[in-house]
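Engineer: This is the content of final06.txt (compact mmCIF, C-alpha atoms):
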```
# COMPACT_ATOMS: atom_id res chain seq x y z
CA MET A 1314 0.00 0.00 0.00
CA ASP A 1315 0.90 3.64 -0.31
CA PHE A 1316 3.03 4.52 2.74
CA SER A 1317 1.91 8.15 3.02
CA ARG A 1318 -1.81 7.58 2.64
CA GLY A 1319 -2.40 3.98 3.71
CA THR A 1320 -4.38 3.33 0.54
CA ASP A 1321 -3.73 0.81 -2.24
CA HIS A 1322 -0.40 1.49 -3.93
CA PRO A 1323 -0.91 3.07 -7.40
CA LEU A 1324 1.81 0.89 -8.98
CA ALA A 1325 0.47 -2.44 -7.71
CA THR A 1326 -1.91 -4.22 -10.08
CA THR A 1327 -3.00 -6.55 -7.25
CA PRO A 1328 -2.66 -4.68 -3.95
CA ASN A 1329 -3.67 -7.73 -1.87
CA ILE A 1330 -1.70 -10.87 -2.60
CA GLN A 1331 -2.28 -14.23 -0.95
CA LEU A 1332 0.61 -16.60 -0.28
CA GLN A 1333 -0.21 -20.22 -1.04
CA PHE A 1334 1.52 -23.57 -0.92
CA GLY A 1335 0.03 -26.73 -2.44
CA GLY A 1336 -3.22 -24.89 -3.15
CA ASN A 1337 -3.66 -23.93 0.49
CA ALA A 1338 -3.44 -20.39 1.79
CA MET A 1339 -0.60 -19.81 4.23
CA ASN A 1340 -1.57 -18.76 7.71
CA VAL A 1341 1.34 -16.62 8.84
CA HIS A 1342 0.00 -16.40 12.37
CA ASP A 1343 0.81 -20.10 12.80
CA ALA A 1344 4.43 -19.47 11.80
CA TYR A 1345 7.26 -19.62 14.26
CA TYR A 1346 9.03 -16.76 12.53
CA ALA A 1347 8.21 -14.61 9.52
CA HIS A 1348 10.27 -11.86 8.01
CA MET A 1349 9.99 -9.84 4.85
CA GLU A 1350 11.97 -7.20 3.06
CA VAL A 1351 11.47 -5.17 -0.08
CA ALA A 1352 14.15 -5.80 -2.71
CA GLY A 1353 13.39 -3.53 -5.68
CA ASP A 1354 10.21 -4.72 -7.40
CA ASN A 1355 10.07 -7.84 -5.21
CA ILE A 1356 9.29 -8.62 -1.61
CA VAL A 1357 11.21 -11.48 -0.07
CA VAL A 1358 9.08 -13.31 2.48
CA MET A 1359 10.68 -15.90 4.74
CA ILE A 1360 8.37 -18.06 6.79
CA SER A 1361 9.75 -20.48 9.28
CA GLN A 1362 7.45 -22.90 11.01
CA ALA A 1363 7.79 -24.70 14.26
CA ARG A 1364 9.27 -28.18 14.60
CA ALA A 1365 8.99 -30.48 11.60
CA LEU A 1366 6.94 -28.22 9.34
CA PRO A 1367 8.61 -26.83 6.20
CA ASP A 1368 10.11 -23.35 5.92
CA TYR A 1369 9.24 -21.23 2.91
CA LEU A 1370 10.93 -18.50 0.94
CA PHE A 1371 8.58 -16.57 -1.33
CA LEU A 1372 9.45 -13.93 -3.87
CA VAL A 1373 6.49 -11.63 -4.40
CA GLY A 1374 6.47 -9.14 -7.28
CA TRP A 1375 4.53 -6.41 -5.56
CA LYS A 1376 3.86 -4.50 -8.78
CA SER A 1377 2.80 -7.51 -10.85
CA GLY A 1378 1.25 -9.62 -8.10
CA LYS A 1379 3.32 -12.63 -9.21
CA VAL A 1380 4.23 -14.98 -6.37
CA SER A 1381 7.10 -17.48 -6.68
CA LEU A 1382 8.04 -20.05 -4.11
CA VAL A 1383 11.80 -19.97 -4.58
CA GLY A 1384 12.72 -22.40 -1.87
CA PHE A 1385 11.71 -24.37 1.14
CA SER A 1386 13.52 -26.70 3.43
CA LEU A 1387 13.44 -30.12 1.71
CA LEU A 1388 14.68 -32.05 4.67
CA LEU A 1389 12.13 -30.58 7.01
CA SER A 1390 9.45 -31.04 4.38
CA ALA A 1391 10.30 -34.74 4.05
CA ILE A 1392 10.07 -35.15 7.81
CA HIS A 1393 6.78 -33.33 7.65
CA GLU A 1394 5.48 -35.78 5.00
CA LEU A 1395 6.64 -38.78 7.04
CA THR A 1396 4.99 -37.54 10.18
CA ARG A 1397 1.77 -36.94 8.27
CA ASN A 1398 1.79 -40.43 6.65
CA PRO A 1399 3.86 -42.60 8.97
CA ARG A 1400 3.01 -45.87 7.11
CA SER A 1401 4.06 -44.70 3.63
CA MET B 907 60.66 8.40 -27.93
CA SER B 908 57.60 8.19 -25.68
CA PRO B 909 56.11 11.52 -24.57
CA GLN B 910 56.89 12.80 -21.08
CA LEU B 911 54.08 13.69 -18.66
CA LEU B 912 54.89 17.37 -18.81
CA ASP B 913 54.80 17.34 -22.63
CA LEU B 914 51.11 16.44 -22.56
CA SER B 915 48.37 19.04 -22.71
CA THR B 916 47.08 20.48 -19.43
CA GLU B 917 43.70 18.76 -19.91
CA LEU B 918 45.36 15.34 -20.27
CA VAL B 919 47.58 15.92 -17.23
CA ILE B 920 44.49 16.82 -15.20
CA GLN B 921 42.75 13.63 -16.34
CA ILE B 922 45.78 11.51 -15.40
CA LEU B 923 46.19 13.20 -12.01
CA ALA B 924 42.49 12.69 -11.26
CA TYR B 925 43.18 8.94 -10.98
CA GLY B 926 45.78 9.52 -8.26
CA SER B 927 45.32 9.33 -4.54
CA LEU B 928 45.45 12.34 -2.26
CA ARG B 929 49.06 11.52 -1.50
CA ASP B 930 49.99 11.08 -5.19
CA ILE B 931 48.45 14.40 -6.23
CA GLY B 932 50.12 16.17 -3.30
CA ALA B 933 53.48 14.63 -4.20
CA CYS B 934 53.09 15.61 -7.87
CA ALA B 935 52.33 19.20 -6.87
CA GLN B 936 55.72 19.36 -5.15
CA THR B 937 57.76 17.99 -8.05
CA SER B 938 57.50 20.82 -10.54
CA ARG B 939 56.18 24.34 -10.94
CA ARG B 940 54.06 23.32 -13.90
CA LEU B 941 52.37 20.46 -12.05
CA TYR B 942 51.82 22.73 -9.04
CA SER B 943 50.29 25.34 -11.29
CA ILE B 944 48.05 22.76 -13.03
CA ILE B 945 46.82 21.30 -9.73
CA SER B 946 46.25 24.60 -7.98
CA GLY B 947 44.65 26.13 -11.07
CA SER B 948 42.24 23.25 -11.75
CA GLN B 949 38.91 23.64 -9.98
CA TYR B 950 38.16 19.99 -10.76
CA LEU B 951 41.38 18.71 -9.14
CA ARG B 952 40.95 21.00 -6.14
CA TYR B 953 37.43 19.67 -5.71
CA LEU B 954 38.67 16.07 -5.98
CA LEU B 955 41.36 16.74 -3.35
CA ARG B 956 38.81 18.29 -1.04
CA THR B 957 36.45 15.30 -1.36
CA LYS B 958 39.33 12.95 -0.62
CA ILE B 959 40.31 14.98 2.47
CA ALA B 960 36.66 15.02 3.62
CA GLY B 961 36.38 11.27 2.99
CA VAL B 962 33.39 11.63 0.69
CA TYR B 963 32.79 10.06 -2.69
CA ASP B 964 31.15 11.94 -5.55
CA PRO B 965 30.01 9.72 -8.45
CA PHE B 966 29.71 12.90 -10.59
CA LEU B 967 26.12 12.41 -11.60
CA PRO B 968 25.10 15.16 -14.01
CA GLY B 969 23.21 18.20 -12.77
CA LEU B 970 25.78 20.17 -10.78
CA SER B 971 28.78 22.18 -11.95
CA ILE B 972 32.14 21.85 -10.17
CA GLN B 973 31.56 25.27 -8.56
CA GLU B 974 28.17 24.10 -7.22
CA ARG B 975 29.76 20.89 -5.98
CA HIS B 976 32.37 22.98 -4.13
CA THR B 977 29.57 24.95 -2.46
CA VAL B 978 27.68 21.78 -1.45
CA LEU B 979 30.88 20.24 -0.05
CA GLU B 980 31.65 23.41 1.95
CA ARG B 981 28.12 23.31 3.37
CA TRP B 982 28.58 19.63 4.24
CA GLU B 983 31.91 20.38 5.97
CA ARG B 984 30.40 23.27 7.93
CA ALA B 985 27.48 21.05 9.03
CA TRP B 986 29.90 18.42 10.34
CA HIS B 987 32.03 21.02 12.14
CA SER B 988 29.03 22.55 13.86
CA LEU B 989 27.44 19.21 14.75
CA ASP B 990 27.07 18.81 18.47
CA LEU B 991 25.36 15.60 19.49
CA ARG B 992 24.84 16.97 22.99
CA GLN B 993 22.42 19.55 21.61
CA PRO B 994 19.12 17.99 20.49
CA ALA B 995 18.19 19.10 16.98
CA LEU B 996 14.60 18.15 17.52
CA GLN B 997 12.45 17.35 20.48
CA CYS B 998 9.92 14.77 19.49
CA ILE B 999 6.79 14.62 21.61
CA VAL B 1000 4.37 11.84 20.83
CA PRO B 1001 0.78 13.17 20.76
CA ARG B 1002 -1.52 11.84 23.45
CA ASP B 1003 -3.86 10.05 21.08
CA ILE B 1004 -0.94 8.02 19.73
CA SER B 1005 0.70 7.22 23.05
CA ALA B 1006 -2.27 5.06 24.12
CA SER B 1007 -0.59 2.19 22.29
CA VAL B 1008 2.98 0.94 22.15
CA LEU B 1009 5.17 2.58 19.48
CA ARG B 1010 8.16 0.85 17.92
CA TYR B 1011 10.35 3.25 16.00
CA GLU B 1012 12.16 2.73 12.72
CA ILE B 1013 13.80 5.18 10.33
CA HIS B 1014 13.09 4.76 6.62
CA GLY B 1015 14.16 7.15 3.88
CA GLY B 1016 14.16 10.25 6.08
CA TYR B 1017 10.94 9.33 7.90
CA LEU B 1018 10.60 8.31 11.51
CA VAL B 1019 7.99 5.58 11.56
CA GLY B 1020 6.33 4.47 14.76
CA ALA B 1021 4.49 1.19 14.33
CA ARG B 1022 1.55 1.22 16.74
CA ARG B 1023 0.80 -1.97 18.60
CA PHE B 1024 -1.99 -2.92 20.90
CA PRO B 1025 -0.47 -3.12 24.41
CA VAL B 1026 -2.36 -6.26 25.44
CA ASP B 1027 -1.50 -8.70 22.65
CA ASP B 1028 1.14 -6.76 20.67
CA ARG B 1029 -1.17 -6.73 17.63
CA PRO B 1030 -0.17 -4.08 15.06
CA LEU B 1031 -2.78 -1.34 14.74
CA GLY B 1032 -1.25 0.97 12.17
CA TYR B 1033 1.62 3.38 12.03
CA ASN B 1034 2.48 7.02 12.50
CA TYR B 1035 5.25 8.87 10.77
CA PHE B 1036 6.79 12.25 10.19
CA ASP B 1037 9.38 13.65 7.80
CA LEU B 1038 12.60 14.13 9.77
CA HIS B 1039 14.01 16.76 7.38
CA ASP B 1040 10.89 18.91 7.60
CA ALA B 1041 10.70 18.43 11.36
CA VAL B 1042 14.32 19.54 11.92
CA LYS B 1043 13.77 22.59 9.69
CA GLY B 1044 10.51 23.55 11.37
CA GLY B 1045 11.60 22.47 14.86
CA TYR B 1046 8.40 20.52 15.33
CA PRO B 1047 7.34 17.05 14.13
CA SER B 1048 4.04 16.89 12.34
CA TRP B 1049 2.76 13.33 12.85
CA ASN B 1050 0.72 11.59 10.20
CA GLN B 1051 -1.40 8.63 11.14
CA VAL B 1052 -2.25 5.57 9.05
CA ASP B 1053 -4.86 3.25 10.52
CA LEU B 1054 -5.24 -0.28 9.31
CA HIS B 1055 -8.65 -1.75 8.71
CA GLN B 1056 -9.80 -3.45 11.89
CA SER B 1057 -10.55 -6.68 10.03
CA LEU B 1058 -6.85 -7.03 9.14
CA SER B 1059 -4.83 -9.09 11.55
CA VAL B 1060 -1.35 -7.88 10.66
CA PHE B 1061 1.61 -10.09 11.48
CA SER B 1062 4.44 -7.87 10.33
CA TYR B 1063 5.27 -4.64 8.49
CA CYS B 1064 7.99 -3.61 6.11
CA PHE B 1065 8.54 -0.30 4.36
CA ASN B 1066 10.34 1.01 1.32
CA VAL B 1067 9.72 4.71 1.65
CA GLU B 1068 12.71 6.11 -0.20
CA GLU B 1069 12.08 4.37 -3.52
CA TYR B 1070 8.42 3.57 -3.91
CA ASN B 1071 6.58 5.11 -0.95
CA LEU B 1072 5.61 1.54 -0.21
CA ALA B 1073 4.30 -0.12 2.92
CA VAL B 1074 3.85 -3.88 3.00
CA MET B 1075 1.75 -5.76 5.54
CA LEU B 1076 1.99 -9.48 6.13
CA VAL B 1077 -1.41 -10.64 7.37
```
Could you show the structure in this file as structure tokens?

Structural biologist:
Amino acid sequence: MDFSRGTDHPLATTPNIQLQFGGNAMNVHDAYYAHMEVAGDNIVVMISQARALPDYLFLVGWKSGKVSLVGFSLLLSAIHELTRNPRS
Amino acid sequence: MSPQLLDLSTELVIQILAYGSLRDIGACAQTSRRLYSIISGSQYLRYLLRTKIAGVYDPFLPGLSIQERHTVLERWERAWHSLDLRQPALQCIVPRDISASVLRYEIHGGYLVGARRFPVDDRPLGYNYFDLHDAVKGGYPSWNQVDLHQSLSVFSYCFNVEEYNLAVMLV
């Protein structure tokens, strides 16, 4: 949003962007740690979850609204999958 | 026979000397009357020496003449000489209606931003800001208030004021 006015930013085509993983919306309030920083036309969002849940690194083009998941912890994700389906 | 430094035109000598360090240029000025005269007579070289002494770097973006750059540098030097950290440049009083909540301060692009949080559960409520340059000039901060919609449960803020006048909320 526009810092001075608190309204939608004039350069952003989609002022409200939802972060998703596997078709599910991310609930940041469940995260252990979340941090974001603006890097030019992108926002880097790091979301770290408690215990065996995966960590995510999103790159959000704040002007275009394009969201890319550029990385998440594979090891922790695998543990997460195992704990979800212990027999598989 | 290769040309000697002093056989080159004054403009070329100035260009070559401009690559030297403060010490190199000073040493060259002491080696001959011609080099001394070139260095002391070149506004560009004198400006370069002065920036090196002041420890500042000028990328020479277009828009200012060397004379104007000299004036800006002199103003910068005077500001540093007269800086006294014991004397407050600005007294910042938080208005009563803002102080009801907890403020966490950050500085972004010349703005002092106070992120307001609800004292009970630390929930972000919005932010207040003022322009530090204007406040120091006027001697009084003029706070602006941005309230977030009550339905938003904000987790974190980040700002990029200097480039895009952008505020980002993670909800």

Engineer: Near segment 978-985 of chain B, within 10 Å and counting all atoms listed in the file, which residues show up once chain neighbours fewer than 2 positions away are dropped, as a PyMOL selection string?

Structural biologist: chain B and resi 953+956-957+960+962+964+970+972-976+987-990

Engineer: Write the residues you've just listed into a file as a PDB file, keeping the file's coordinate frame, and include C-alpha atoms for each of them.

Structural biologist:
```pdb
ATOM      1  CA  TYR B 953      37.430  19.670  -5.710  1.00  0.00           C
ATOM      2  CA  ARG B 956      38.810  18.290  -1.040  1.00  0.00           C
ATOM      3  CA  THR B 957      36.450  15.300  -1.360  1.00  0.00           C
ATOM      4  CA  ALA B 960      36.660  15.020   3.620  1.00  0.00           C
ATOM      5  CA  VAL B 962      33.390  11.630   0.690  1.00  0.00           C
ATOM      6  CA  ASP B 964      31.150  11.940  -5.550  1.00  0.00           C
ATOM      7  CA  LEU B 970      25.780  20.170 -10.780  1.00  0.00           C
ATOM      8  CA  ILE B 972      32.140  21.850 -10.170  1.00  0.00           C
ATOM      9  CA  GLN B 973      31.560  25.270  -8.560  1.00  0.00           C
ATOM     10  CA  GLU B 974      28.170  24.100  -7.220  1.00  0.00           C
ATOM     11  CA  ARG B 975      29.760  20.890  -5.980  1.00  0.00           C
ATOM     12  CA  HIS B 976      32.370  22.980  -4.130  1.00  0.00           C
ATOM     13  CA  HIS B 987      32.030  21.020  12.140  1.00  0.00           C
ATOM     14  CA  SER B 988      29.030  22.550  13.860  1.00  0.00           C
ATOM     15  CA  LEU B 989      27.440  19.210  14.750  1.00  0.00           C
ATOM     16  CA  ASP B 990      27.070  18.810  18.470  1.00  0.00           C
TER      17      ASP B 990
END
```

Engineer: My list of candidates is B:Ile945, B:Asp1053, B:Ser971, B:Pro994. Which is closest to Ala933 of chain B when distances are computed with only C-alpha atoms?

Structural biologist: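 Under the stated criterion, the closest residue is B:Ile945.
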
Engineer: Pull the closest atom pair for each residue of chain A that gets at most 10 Å from chain B, along with the distance in Å to one decimal, counting only C-alpha atoms, ordering rows by chain and then ascending residue number, as CSV.

Structural biologist:
```
residue,atom,partner,partner_atom,distance
A:Met1314,CA,B:Ala1073,CA,5.2
A:Asp1315,CA,B:Leu1072,CA,5.2
A:Phe1316,CA,B:Ala1073,CA,4.8
A:Ser1317,CA,B:Asn1071,CA,6.8
A:Arg1318,CA,B:Val1052,CA,6.7
A:Gly1319,CA,B:Val1052,CA,5.6
A:Thr1320,CA,B:Val1052,CA,9.1
A:Asp1321,CA,B:Leu1072,CA,9.6
A:His1322,CA,B:Leu1072,CA,7.1
A:Pro1323,CA,B:Leu1072,CA,9.8
A:Leu1324,CA,B:Tyr1070,CA,8.8
A:Ala1325,CA,B:Leu1072,CA,9.9
A:Pro1328,CA,B:Val1074,CA,9.6
A:Asn1329,CA,B:Met1075,CA,9.4
A:Ile1330,CA,B:Leu1076,CA,9.6
A:Gln1331,CA,B:Val1077,CA,9.1
A:Leu1332,CA,B:Leu1076,CA,9.7
A:Met1339,CA,B:Val1077,CA,9.7
A:Asn1340,CA,B:Val1077,CA,8.1
A:Val1341,CA,B:Val1077,CA,6.7
A:His1342,CA,B:Phe1061,CA,6.6
A:Ala1344,CA,B:Phe1061,CA,9.8
A:Ala1347,CA,B:Ser1062,CA,7.8
A:His1348,CA,B:Ser1062,CA,7.4
A:Met1349,CA,B:Cys1064,CA,6.7
A:Glu1350,CA,B:Cys1064,CA,6.2
A:Val1351,CA,B:Asn1066,CA,6.4
A:Ala1352,CA,B:Asn1066,CA,8.8
A:Gly1353,CA,B:Glu1069,CA,8.3
A:Asp1354,CA,B:Tyr1070,CA,9.2
A:Ile1356,CA,B:Val1074,CA,8.6
A:Val1358,CA,B:Leu1076,CA,8.8
A:Trp1375,CA,B:Val1074,CA,9.0
```

Engineer: With all atoms of segment 1379-1386 of chain A from the file as input, state the centre and edge lengths in Å to one decimal of the axis-aligned box that has 5 Å extra on each side, as JSON.

Structural biologist:
```
{"center_x": 8.4, "center_y": -19.7, "center_z": -2.9, "size_x": 20.2, "size_y": 24.1, "size_z": 22.6}
```

Engineer: Grab the atom CA of Leu928 of chain B to atom CA of Lys958 of chain B distance for me, in Å with one decimal place.

Structural biologist: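 Separation of atom CA of Leu928 of chain B and atom CA of Lys958 of chain B: 6.4 Å.
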
Engineer: For the atom pair atom CA of Tyr963 of chain B and atom CA of Cys934 of chain B, what is the interatomic distance in Å to one decimal place?

Structural biologist: 21.7 Å

Engineer: What does the distance from atom CA of Val919 of chain B to atom CA of Gly969 of chain B come to in Å, to one decimal?

Structural biologist: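 These atoms are spaced 24.9 Å apart.
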
Engineer: With all atoms listed in the file as the basis for distance, which of B:Ala935, B:Leu1038, B:Leu918, B:Leu911 is at the shortest distance from Glu1012 of chain B?

Structural biologist: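 Using all atoms listed in the file, Glu1012 of chain B sits closest to B:Leu1038.
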
Engineer: Excluding Lys1043 of chain B and any residue of its chain fewer than 4 positions from it, enumerate the residues within 10 Å of it, using only C-alpha atoms, and give them as a ChimeraX atom specification.

Structural biologist: /B:995-996,1038-1039,1047

Engineer: Please write the residues from the selection above to a file, keeping C-alpha atoms, as a tab-separated table (two decimals), keeping the file's coordinate frame.

Structural biologist:
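Okay, this is what ended up in result_30.tsv:
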```tsv
chain	number	residue	atom	x	y	z
B	995	ALA	CA	18.19	19.10	16.98
B	996	LEU	CA	14.60	18.15	17.52
B	1038	LEU	CA	12.60	14.13	9.77
B	1039	HIS	CA	14.01	16.76	7.38
B	1047	PRO	CA	7.34	17.05	14.13
```

Engineer: Can you pull out every residue within 8 Å of Leu912 of chain B, counting all atoms listed in the file, but drop anything in the same chain fewer than 2 positions away, and send it as a list in words?

Structural biologist: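 Returned residues: Gln910, Leu914, Ser915, Val919, Arg940 and Leu941 of chain B.
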
Engineer: With C-alpha atoms retained, write the just-selected residues as a PDB file, keeping the file's coordinate frame.

Structural biologist:
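The new file again-v1.pdb reads:
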```
ATOM      1  CA  GLN B 910      56.890  12.800 -21.080  1.00  0.00           C
ATOM      2  CA  LEU B 914      51.110  16.440 -22.560  1.00  0.00           C
ATOM      3  CA  SER B 915      48.370  19.040 -22.710  1.00  0.00           C
ATOM      4  CA  VAL B 919      47.580  15.920 -17.230  1.00  0.00           C
ATOM      5  CA  ARG B 940      54.060  23.320 -13.900  1.00  0.00           C
ATOM      6  CA  LEU B 941      52.370  20.460 -12.050  1.00  0.00           C
TER       7      LEU B 941
END
```
